[in-house]
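Visitor: Below is the file run.txt, with compact mmCIF, C-alpha atoms and all ligand atoms.
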# COMPACT_ATOMS: atom_id res chain seq x y z
CA MET A 23 78.76 121.27 16.79
CA LYS A 24 77.84 117.60 16.47
CA THR A 25 78.56 115.31 19.44
CA LYS A 26 81.25 112.80 18.51
CA ILE A 27 80.04 109.40 19.68
CA ALA A 28 82.11 106.20 19.90
CA VAL A 29 80.35 102.82 20.03
CA ASN A 30 81.86 99.93 21.98
CA ALA A 31 81.05 96.29 21.10
CA ALA A 32 80.12 97.55 17.64
CA SER A 33 79.62 94.00 16.33
CA GLY A 34 76.79 93.25 18.79
CA LYS A 35 73.03 93.48 18.27
CA MET A 36 72.86 96.73 20.24
CA GLY A 37 76.21 97.99 18.91
CA GLN A 38 74.90 97.78 15.34
CA GLN A 39 71.58 99.35 16.32
CA VAL A 40 73.33 102.28 18.06
CA ILE A 41 75.57 102.83 15.01
CA ARG A 42 72.44 103.14 12.82
CA GLN A 43 70.92 105.57 15.34
CA VAL A 44 74.02 107.78 15.52
CA THR A 45 74.41 107.73 11.72
CA ALA A 46 70.86 109.03 11.25
CA HIS A 47 71.05 111.65 14.04
CA ALA A 48 71.36 115.32 12.98
CA GLU A 49 73.35 116.31 16.07
CA ALA A 50 75.65 113.30 16.35
CA GLN A 51 78.61 111.92 14.43
CA LEU A 52 80.13 108.44 14.70
CA SER A 53 83.75 108.94 15.78
CA ALA A 54 84.79 105.32 16.49
CA ALA A 55 83.34 101.79 16.32
CA PHE A 56 85.21 99.31 18.54
CA CYS A 57 85.44 95.54 18.08
CA ARG A 58 87.69 92.88 19.61
CA SER A 59 91.08 92.78 17.85
CA SER A 60 90.29 89.31 16.43
CA HIS A 61 86.93 90.35 14.96
CA ARG A 62 86.47 90.05 11.20
CA LEU A 63 85.00 93.60 11.06
CA VAL A 64 88.25 95.29 12.21
CA GLY A 65 89.64 97.35 9.32
CA ARG A 66 86.36 97.28 7.38
CA GLN A 67 84.43 100.48 6.73
CA VAL A 68 81.38 101.21 8.89
CA GLU A 69 78.39 101.42 6.56
CA LEU A 70 77.49 105.05 5.62
CA ASN A 71 80.40 106.40 7.72
CA PRO A 72 83.92 107.50 6.66
CA ILE A 73 85.62 105.41 9.41
CA ASN A 74 86.73 101.80 9.83
CA TYR A 75 85.94 99.41 12.69
CA THR A 76 88.89 99.40 15.09
CA SER A 77 90.15 97.69 18.24
CA ASP A 78 92.26 100.71 19.24
CA LEU A 79 90.30 102.05 22.22
CA SER A 80 92.76 104.76 23.21
CA GLU A 81 92.95 106.34 19.75
CA GLY A 82 89.17 106.14 19.23
CA LEU A 83 88.31 107.54 22.66
CA ALA A 84 90.75 110.43 22.22
CA GLN A 85 88.69 111.68 19.27
CA SER A 86 85.26 111.18 20.92
CA ASN A 87 83.06 113.28 23.24
CA VAL A 88 81.29 110.23 24.68
CA VAL A 89 81.22 106.43 24.27
CA ILE A 90 78.17 104.14 24.32
CA ASP A 91 78.64 100.59 25.61
CA PHE A 92 76.31 97.59 25.25
CA SER A 93 78.59 94.58 25.80
CA LEU A 94 79.40 92.22 28.69
CA PRO A 95 80.55 93.28 32.20
CA GLN A 96 84.25 92.38 31.61
CA ALA A 97 84.33 94.36 28.36
CA THR A 98 82.65 97.34 30.03
CA LEU A 99 85.21 97.41 32.83
CA GLY A 100 88.06 97.28 30.29
CA LEU A 101 86.52 100.18 28.37
CA LEU A 102 86.10 102.18 31.60
CA GLN A 103 89.81 101.88 32.40
CA GLN A 104 90.64 103.41 29.01
CA ALA A 105 87.91 106.06 29.26
CA HIS A 106 89.26 107.01 32.68
CA VAL A 107 92.65 107.74 31.08
CA SER A 108 91.19 109.76 28.18
CA LYS A 109 88.53 111.39 30.44
CA THR A 110 85.78 110.32 28.02
CA PRO A 111 82.19 110.14 29.38
CA VAL A 112 80.69 106.61 29.23
CA LEU A 113 77.05 105.57 28.83
CA ILE A 114 76.71 101.95 29.97
CA GLY A 115 73.73 99.94 28.75
CA THR A 116 75.33 96.59 29.63
CA THR A 117 73.59 94.52 32.32
CA GLY A 118 74.63 91.65 34.61
CA PHE A 119 77.13 93.44 36.88
CA ASN A 120 77.72 92.10 40.39
CA ASN A 121 77.95 94.42 43.41
CA GLU A 122 81.74 94.55 43.30
CA GLN A 123 81.68 95.58 39.63
CA ILE A 124 79.06 98.27 40.35
CA ALA A 125 81.35 99.63 43.08
CA GLN A 126 84.22 99.81 40.55
CA ILE A 127 81.99 101.74 38.12
CA GLU A 128 80.90 104.15 40.87
CA ASN A 129 84.53 104.70 41.80
CA ILE A 130 85.50 105.70 38.25
CA ALA A 131 82.43 107.96 38.11
CA ASN A 132 84.09 110.13 40.74
CA GLU A 133 86.42 111.26 37.97
CA ILE A 134 84.49 111.04 34.68
CA PRO A 135 80.77 111.26 33.78
CA VAL A 136 79.22 107.74 33.77
CA LEU A 137 75.55 106.95 33.10
CA LEU A 138 74.50 103.40 34.01
CA ALA A 139 71.13 102.34 32.56
CA PRO A 140 69.88 98.75 32.57
CA ASN A 141 67.25 100.02 30.16
CA THR A 142 67.65 103.11 27.99
CA SER A 143 64.12 103.18 26.56
CA ILE A 144 62.02 106.20 27.47
CA GLY A 145 59.01 103.89 27.87
CA VAL A 146 60.65 101.65 30.48
CA ASN A 147 61.91 104.64 32.43
CA SER A 148 58.38 106.11 32.43
CA THR A 149 57.11 102.71 33.58
CA LEU A 150 59.42 102.95 36.61
CA ALA A 151 57.53 106.09 37.71
CA LEU A 152 54.22 104.21 37.37
CA LEU A 153 55.61 101.32 39.42
CA SER A 154 56.76 103.66 42.16
CA LEU A 155 53.26 105.14 42.42
CA ALA A 156 51.58 101.71 42.37
CA ALA A 157 53.98 100.43 45.05
CA LYS A 158 53.24 103.41 47.30
CA MET A 159 49.46 102.90 46.93
CA LEU A 160 49.25 99.09 46.89
CA GLY A 161 52.61 97.67 47.92
CA LYS A 162 51.82 96.74 51.49
CA GLN A 163 48.59 94.81 50.65
CA ALA A 164 49.57 93.34 47.29
CA ASP A 165 51.42 90.18 46.28
CA ILE A 166 53.97 91.59 43.83
CA GLU A 167 55.36 89.47 40.98
CA ILE A 168 57.81 90.56 38.26
CA ILE A 169 57.86 88.47 35.07
CA GLU A 170 60.42 89.14 32.34
CA ALA A 171 60.91 87.53 28.92
CA HIS A 172 63.87 87.84 26.54
CA HIS A 173 65.49 86.11 23.56
CA LYS A 174 67.38 82.83 23.93
CA HIS A 175 70.80 84.51 23.44
CA LYS A 176 70.59 86.56 26.65
CA ILE A 177 73.19 85.58 29.26
CA ASP A 178 72.19 87.44 32.45
CA ALA A 179 69.08 86.71 34.49
CA PRO A 180 66.98 88.24 35.85
CA SER A 181 67.28 91.13 33.40
CA GLY A 182 68.79 94.40 34.57
CA THR A 183 65.43 96.04 33.94
CA ALA A 184 63.56 93.53 36.13
CA ILE A 185 66.04 94.13 38.94
CA ARG A 186 65.70 97.91 38.56
CA MET A 187 61.90 97.53 38.64
CA GLY A 188 62.17 95.53 41.87
CA GLU A 189 64.51 98.11 43.39
CA THR A 190 62.13 100.92 42.43
CA ILE A 191 59.16 99.12 44.00
CA ALA A 192 61.07 98.27 47.19
CA GLU A 193 62.39 101.82 47.54
CA ALA A 194 58.86 103.24 47.20
CA MET A 195 57.82 100.90 50.04
CA GLY A 196 60.78 101.93 52.22
CA GLU A 197 62.39 98.49 51.86
CA LYS A 198 65.53 96.95 50.33
CA PHE A 199 64.92 94.82 47.23
CA GLU A 200 67.46 92.15 48.22
CA ASP A 201 65.45 91.53 51.40
CA LEU A 202 62.21 90.92 49.45
CA MET A 203 63.24 89.25 46.18
CA THR A 204 62.43 85.55 45.66
CA THR A 205 63.48 83.45 42.67
CA ASP A 206 64.64 79.84 43.02
CA SER A 207 63.09 79.24 46.44
CA ARG A 208 59.71 79.18 44.63
CA PHE A 209 60.52 75.60 43.74
CA GLU A 210 60.39 74.67 47.43
CA LYS A 211 57.09 73.23 48.72
CA ARG A 212 55.69 76.20 50.62
CA THR A 213 53.04 78.90 50.41
CA ARG A 214 53.86 82.47 49.45
CA ASP A 215 55.51 84.65 52.10
CA LYS A 216 53.76 87.94 52.79
CA GLY A 217 55.77 90.82 51.34
CA GLU A 218 58.08 88.84 49.06
CA ILE A 219 58.60 90.06 45.49
CA GLY A 220 58.62 87.10 43.11
CA MET A 221 60.77 87.12 40.01
CA SER A 222 60.17 84.87 36.99
CA VAL A 223 62.34 84.59 33.88
CA ILE A 224 61.50 83.38 30.37
CA ARG A 225 64.16 82.89 27.66
CA ALA A 226 62.72 81.97 24.26
CA GLY A 227 63.08 82.66 20.56
CA GLU A 228 63.87 86.25 19.60
CA ILE A 229 61.73 88.11 22.19
CA ILE A 230 63.22 91.63 22.31
CA GLY A 231 62.34 92.41 25.95
CA GLU A 232 59.09 92.19 27.91
CA HIS A 233 58.47 93.10 31.56
CA GLN A 234 55.25 92.64 33.49
CA VAL A 235 54.63 93.58 37.12
CA MET A 236 51.57 92.19 38.86
CA PHE A 237 50.09 93.71 42.02
CA ALA A 238 47.65 91.01 43.17
CA LEU A 239 45.08 91.98 45.82
CA ASP A 240 42.56 89.50 47.21
CA ASN A 241 39.81 90.39 44.74
CA GLU A 242 41.55 92.18 41.88
CA ILE A 243 44.86 92.30 40.02
CA ILE A 244 46.62 95.38 38.64
CA THR A 245 49.24 94.74 35.94
CA ILE A 246 51.79 97.21 34.59
CA GLU A 247 53.56 96.02 31.45
CA HIS A 248 56.17 97.15 28.94
CA LYS A 249 56.91 95.35 25.67
CA ALA A 250 59.76 96.47 23.42
CA GLN A 251 58.63 96.12 19.79
CA ASN A 252 62.21 96.43 18.46
CA ARG A 253 65.68 97.62 19.63
CA HIS A 254 65.09 101.14 18.32
CA CYS A 255 63.53 102.14 21.67
CA PHE A 256 66.83 101.33 23.42
CA SER A 257 69.16 103.00 20.90
CA GLU A 258 67.03 106.14 20.67
CA GLY A 259 67.16 106.74 24.44
CA ALA A 260 70.86 105.80 24.58
CA VAL A 261 71.93 108.30 21.92
CA GLU A 262 69.85 111.18 23.36
CA ALA A 263 71.19 110.48 26.86
CA ALA A 264 74.78 110.22 25.53
CA ILE A 265 74.52 113.64 23.87
CA TRP A 266 73.41 115.01 27.26
CA LEU A 267 76.09 113.08 29.19
CA ALA A 268 78.88 114.48 26.99
CA LYS A 269 78.22 117.93 28.54
CA GLN A 270 77.99 116.84 32.20
CA PRO A 271 80.68 117.06 34.89
CA ALA A 272 82.11 113.88 36.47
CA GLY A 273 79.44 111.92 38.35
CA PHE A 274 77.34 108.75 38.46
CA TYR A 275 74.12 109.31 36.50
CA SER A 276 70.94 107.39 35.65
CA MET A 277 68.33 107.77 32.89
CA GLN A 278 66.20 109.52 35.52
CA ASP A 279 68.84 112.27 35.81
CA PHE A 280 68.80 112.72 32.02
CA LEU A 281 64.99 112.73 31.81
CA ALA A 282 64.68 115.20 34.71
CA ALA A 283 67.18 117.58 33.06
CA ARG A 284 65.33 117.32 29.73
CA SER A 285 61.85 118.11 31.06
N1 LIG B 1 70.25 99.11 28.60
C1 LIG B 1 69.43 98.67 27.64
O1 LIG B 1 68.44 99.31 27.29
C2 LIG B 1 69.76 97.38 26.95
C3 LIG B 1 70.76 96.61 27.44
N2 LIG B 1 71.16 95.49 26.77
C4 LIG B 1 72.34 94.81 27.31
O2 LIG B 1 73.42 95.10 26.43
C5 LIG B 1 74.34 94.02 26.43
C6 LIG B 1 74.61 93.57 24.99
O3 LIG B 1 73.42 93.10 24.42
P1 LIG B 1 73.37 92.61 22.89
O4 LIG B 1 73.87 93.67 21.98
O5 LIG B 1 72.01 92.06 22.68
O6 LIG B 1 74.43 91.40 22.94
P2 LIG B 1 75.30 90.76 21.75
O7 LIG B 1 75.68 89.40 22.23
O8 LIG B 1 74.61 90.89 20.46
O9 LIG B 1 76.61 91.67 21.72
C7 LIG B 1 77.59 91.64 22.71
C8 LIG B 1 78.77 92.44 22.22
O10 LIG B 1 79.76 92.50 23.26
C9 LIG B 1 81.02 92.14 22.69
N3 LIG B 1 81.87 91.57 23.72
C10 LIG B 1 81.56 90.56 24.57
N4 LIG B 1 82.61 90.29 25.37
C11 LIG B 1 83.59 91.13 25.01
C12 LIG B 1 84.92 91.36 25.47
N5 LIG B 1 85.43 90.64 26.50
N6 LIG B 1 85.65 92.33 24.88
C13 LIG B 1 85.13 93.06 23.89
N7 LIG B 1 83.88 92.91 23.39
C14 LIG B 1 83.13 91.95 23.96
C15 LIG B 1 80.68 91.15 21.60
O11 LIG B 1 81.77 91.04 20.70
P3 LIG B 1 81.92 89.76 19.72
O12 LIG B 1 80.99 90.01 18.58
O13 LIG B 1 83.37 89.82 19.32
O14 LIG B 1 81.57 88.55 20.53
C16 LIG B 1 79.47 91.84 21.00
O15 LIG B 1 79.86 92.90 20.16
C17 LIG B 1 73.72 92.95 27.36
O16 LIG B 1 74.27 93.11 28.65
C18 LIG B 1 72.25 93.32 27.37
O17 LIG B 1 71.59 92.90 28.52
C19 LIG B 1 70.56 95.09 25.62
C20 LIG B 1 69.53 95.81 25.10
C21 LIG B 1 69.03 97.02 25.73
O1 LIG B 2 69.60 91.56 26.69
C1 LIG B 2 68.68 92.26 26.19
O2 LIG B 2 68.29 92.09 25.03
C2 LIG B 2 68.07 93.30 27.02
N1 LIG B 2 68.60 93.53 28.18
C3 LIG B 2 68.25 94.57 29.07
C4 LIG B 2 68.02 94.05 30.47
O3 LIG B 2 68.73 93.13 30.90
O4 LIG B 2 67.15 94.57 31.17
C5 LIG B 2 67.20 95.51 28.56
C6 LIG B 2 66.28 94.98 27.51
O5 LIG B 2 65.16 94.41 28.09
C7 LIG B 2 66.95 94.08 26.49
Please rewrite the model in this file as structure tokens.
Ligand SMILES: NC(=O)C1=CN([C@@H]2O[C@H](COP(=O)(O)OP(=O)(O)OC[C@H]3O[C@@H](n4cnc5c(N)ncnc54)[C@H](OP(=O)(O)O)[C@@H]3O)[C@@H](O)[C@H]2O)C=CC1
Ligand SMILES: O=C(O)C1=N[C@H](C(=O)O)C[C@H](O)C1

Guide:
Amino acid sequence: MKTKIAVNAASGKMGQQVIRQVTAHAEAQLSAAFCRSSHRLVGRQVELNPINYTSDLSEGLAQSNVVIDFSLPQATLGLLQQAHVSKTPVLIGTTGFNNEQIAQIENIANEIPVLLAPNTSIGVNSTLALLSLAAKMLGKQADIEIIEAHHKHKIDAPSGTAIRMGETIAEAMGEKFEDLMTTDSRFEKRTRDKGEIGMSVIRAGEIIGEHQVMFALDNEIITIEHKAQNRHCFSEGAVEAAIWLAKQPAGFYSMQDFLAARS
């Protein structure tokens, strides 16, 4: 049986990419494509699919096994309320949540399966394992800097991926990321504090998503880098993880949980 997948924010860059991915997938079927009620796509047919774009979340979720969301935090929280009612699993690729919003998501995950992934690419999630190892081996001696670059349309900064990279590094060093992270204070006149993790952000052109982590020792520098070549790497991981999530019990999951179950 094919997994019936709904796509939220279907008009977005990622929404459109995920629709293409689901449409081409042998084990998945597009069951709903949600847009805002005022969007010009509502009522139009989704290319290569026998359904129309809709703003009716409750009807679309009722006929879906899982929903994939790449939108904005407010839209994600609205979707979660509806998914909670219909008991539909939710894969969230949206970034930019504050701590209070994360707590709301965790709360709903007590009752339905929710996977929160600031980056759904298999490559980035493998990179996190490399960063954890590097941090364990070098973290205490190295000056660690995270540099991320994205397209000019991106709203949140630093990227969800850069934050997750910082959290992974800090955790491997037995620290809390919020205690080590430095962004704006770099513009103060001062030398670098020992142990801080610097974060730099570039927004330019149509850069898909690039993350570089530098471990600088006194006489040598180790750099671990991921560059997305296109959005396919995100949609591919999202759809595979959604097919897995549709069969899980209620809980709060990450891409690491999906990858561990798959291997
Ligand atoms: N986890 C991952 O691997 C990745 C995560 N992302 C994240 O995904 C999110 C979306 O990225 P992207 O597709 O590039 O962004 P876009 O700006 O292209 O799309 C955003 C979508 O969200 C919709 N939306 C925004 N606000 C609302 C609302 N209040 N109610 C309903 N719909 C709303 C927009 O609808 P409308 O067209 O009507 O404005 C649009 O469809 C971002 O948070 C980004 O960081 C992106 C790539 C990979
Ligand atoms: O907004 C984007 O485009 C991306 N956002 C994600 C993030 O914030 O980490 C992931 C990816 O790099 C693309």

Visitor: Check which residues fall inside 7 Å of ligand LIG 2 (chain B) when counting only C-alpha atoms and all ligand atoms, and print them as a PyMOL selection string.

Guide: chain A and resi 117+140-141+172-173+176+178+181-184+230-232

Visitor: Just give me the gap between atom CA of Ser86 of chain A and atom CA of Pro111 of chain A in Å, one decimal is fine.

Guide: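 Interatomic distance, atom CA of Ser86 of chain A to atom CA of Pro111 of chain A: 9.1 Å.
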
Visitor: Neighbours of ligand LIG 1 (chain B) at 6 Å or closer, counting only C-alpha atoms and all ligand atoms: which residues, as a VMD selection string?

Guide: chain A and resid 31 to 37 58 61 92 to 94 96 to 97 115 to 117 139 to 143 256

Visitor: Skipping near chain neighbours, those fewer than 2 positions away, what residues fall within 12 Å of segment 194-198 of chain A using only C-alpha atoms, listed as a ChimeraX atom specification?

Guide: /A:150-164,166,185-192,200-203,217-219

Visitor: What's around segment 263-265 of chain A at 12 Å? Count all atoms listed in the file, leave out sequence neighbours fewer than 3 positions away in its own chain, and write the answer as a ChimeraX atom specification.

Guide: /A:23-29,40,43-44,47-52,86-91,110-115,135-139,141-144,256-260,268-270,275-284

Visitor: Find the distance between atom CA of Asn121 of chain A and atom CA of Trp266 of chain A and write it in Å to one decimal.

Guide: 26.6 Å

Visitor: Between A:Gly82, A:Pro180, A:Gly227, A:Gly145, which has the minimum distance to Ile246 of chain A (counting all atoms listed in the file)?

Guide: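 Of the candidates, the smallest distance to Ile246 of chain A is held by A:Gly145.
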
Visitor: Hey, can you check how far atom CA of Ile130 of chain A sits from atom CA of Ala54 of chain A?

Guide: 21.8 Å

Visitor: Can you work out which one of A:Gln104, A:Asn252, A:Asn71, A:Asn120 has the shortest atom-to-atom distance to Thr45 of chain A, counting only C-alpha atoms?

Guide: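 Selected residue with least distance to Thr45 of chain A: A:Asn71.
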
Visitor: Give as a list in words each residue that has an atom at most 12 Å from (44.3, 90.9, 41.8) in the file, counting all atoms listed in the file.

Guide: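 Within 12 Å of (44.3, 90.9, 41.8), the protein and nucleic acid residues are Leu160, Gln163, Ala164, Asp165, Ile166, Glu167, Val235, Met236, Phe237, Ala238, Leu239, Asp240, Asn241, Glu242, Ile243, Ile244 and Thr245 of chain A.
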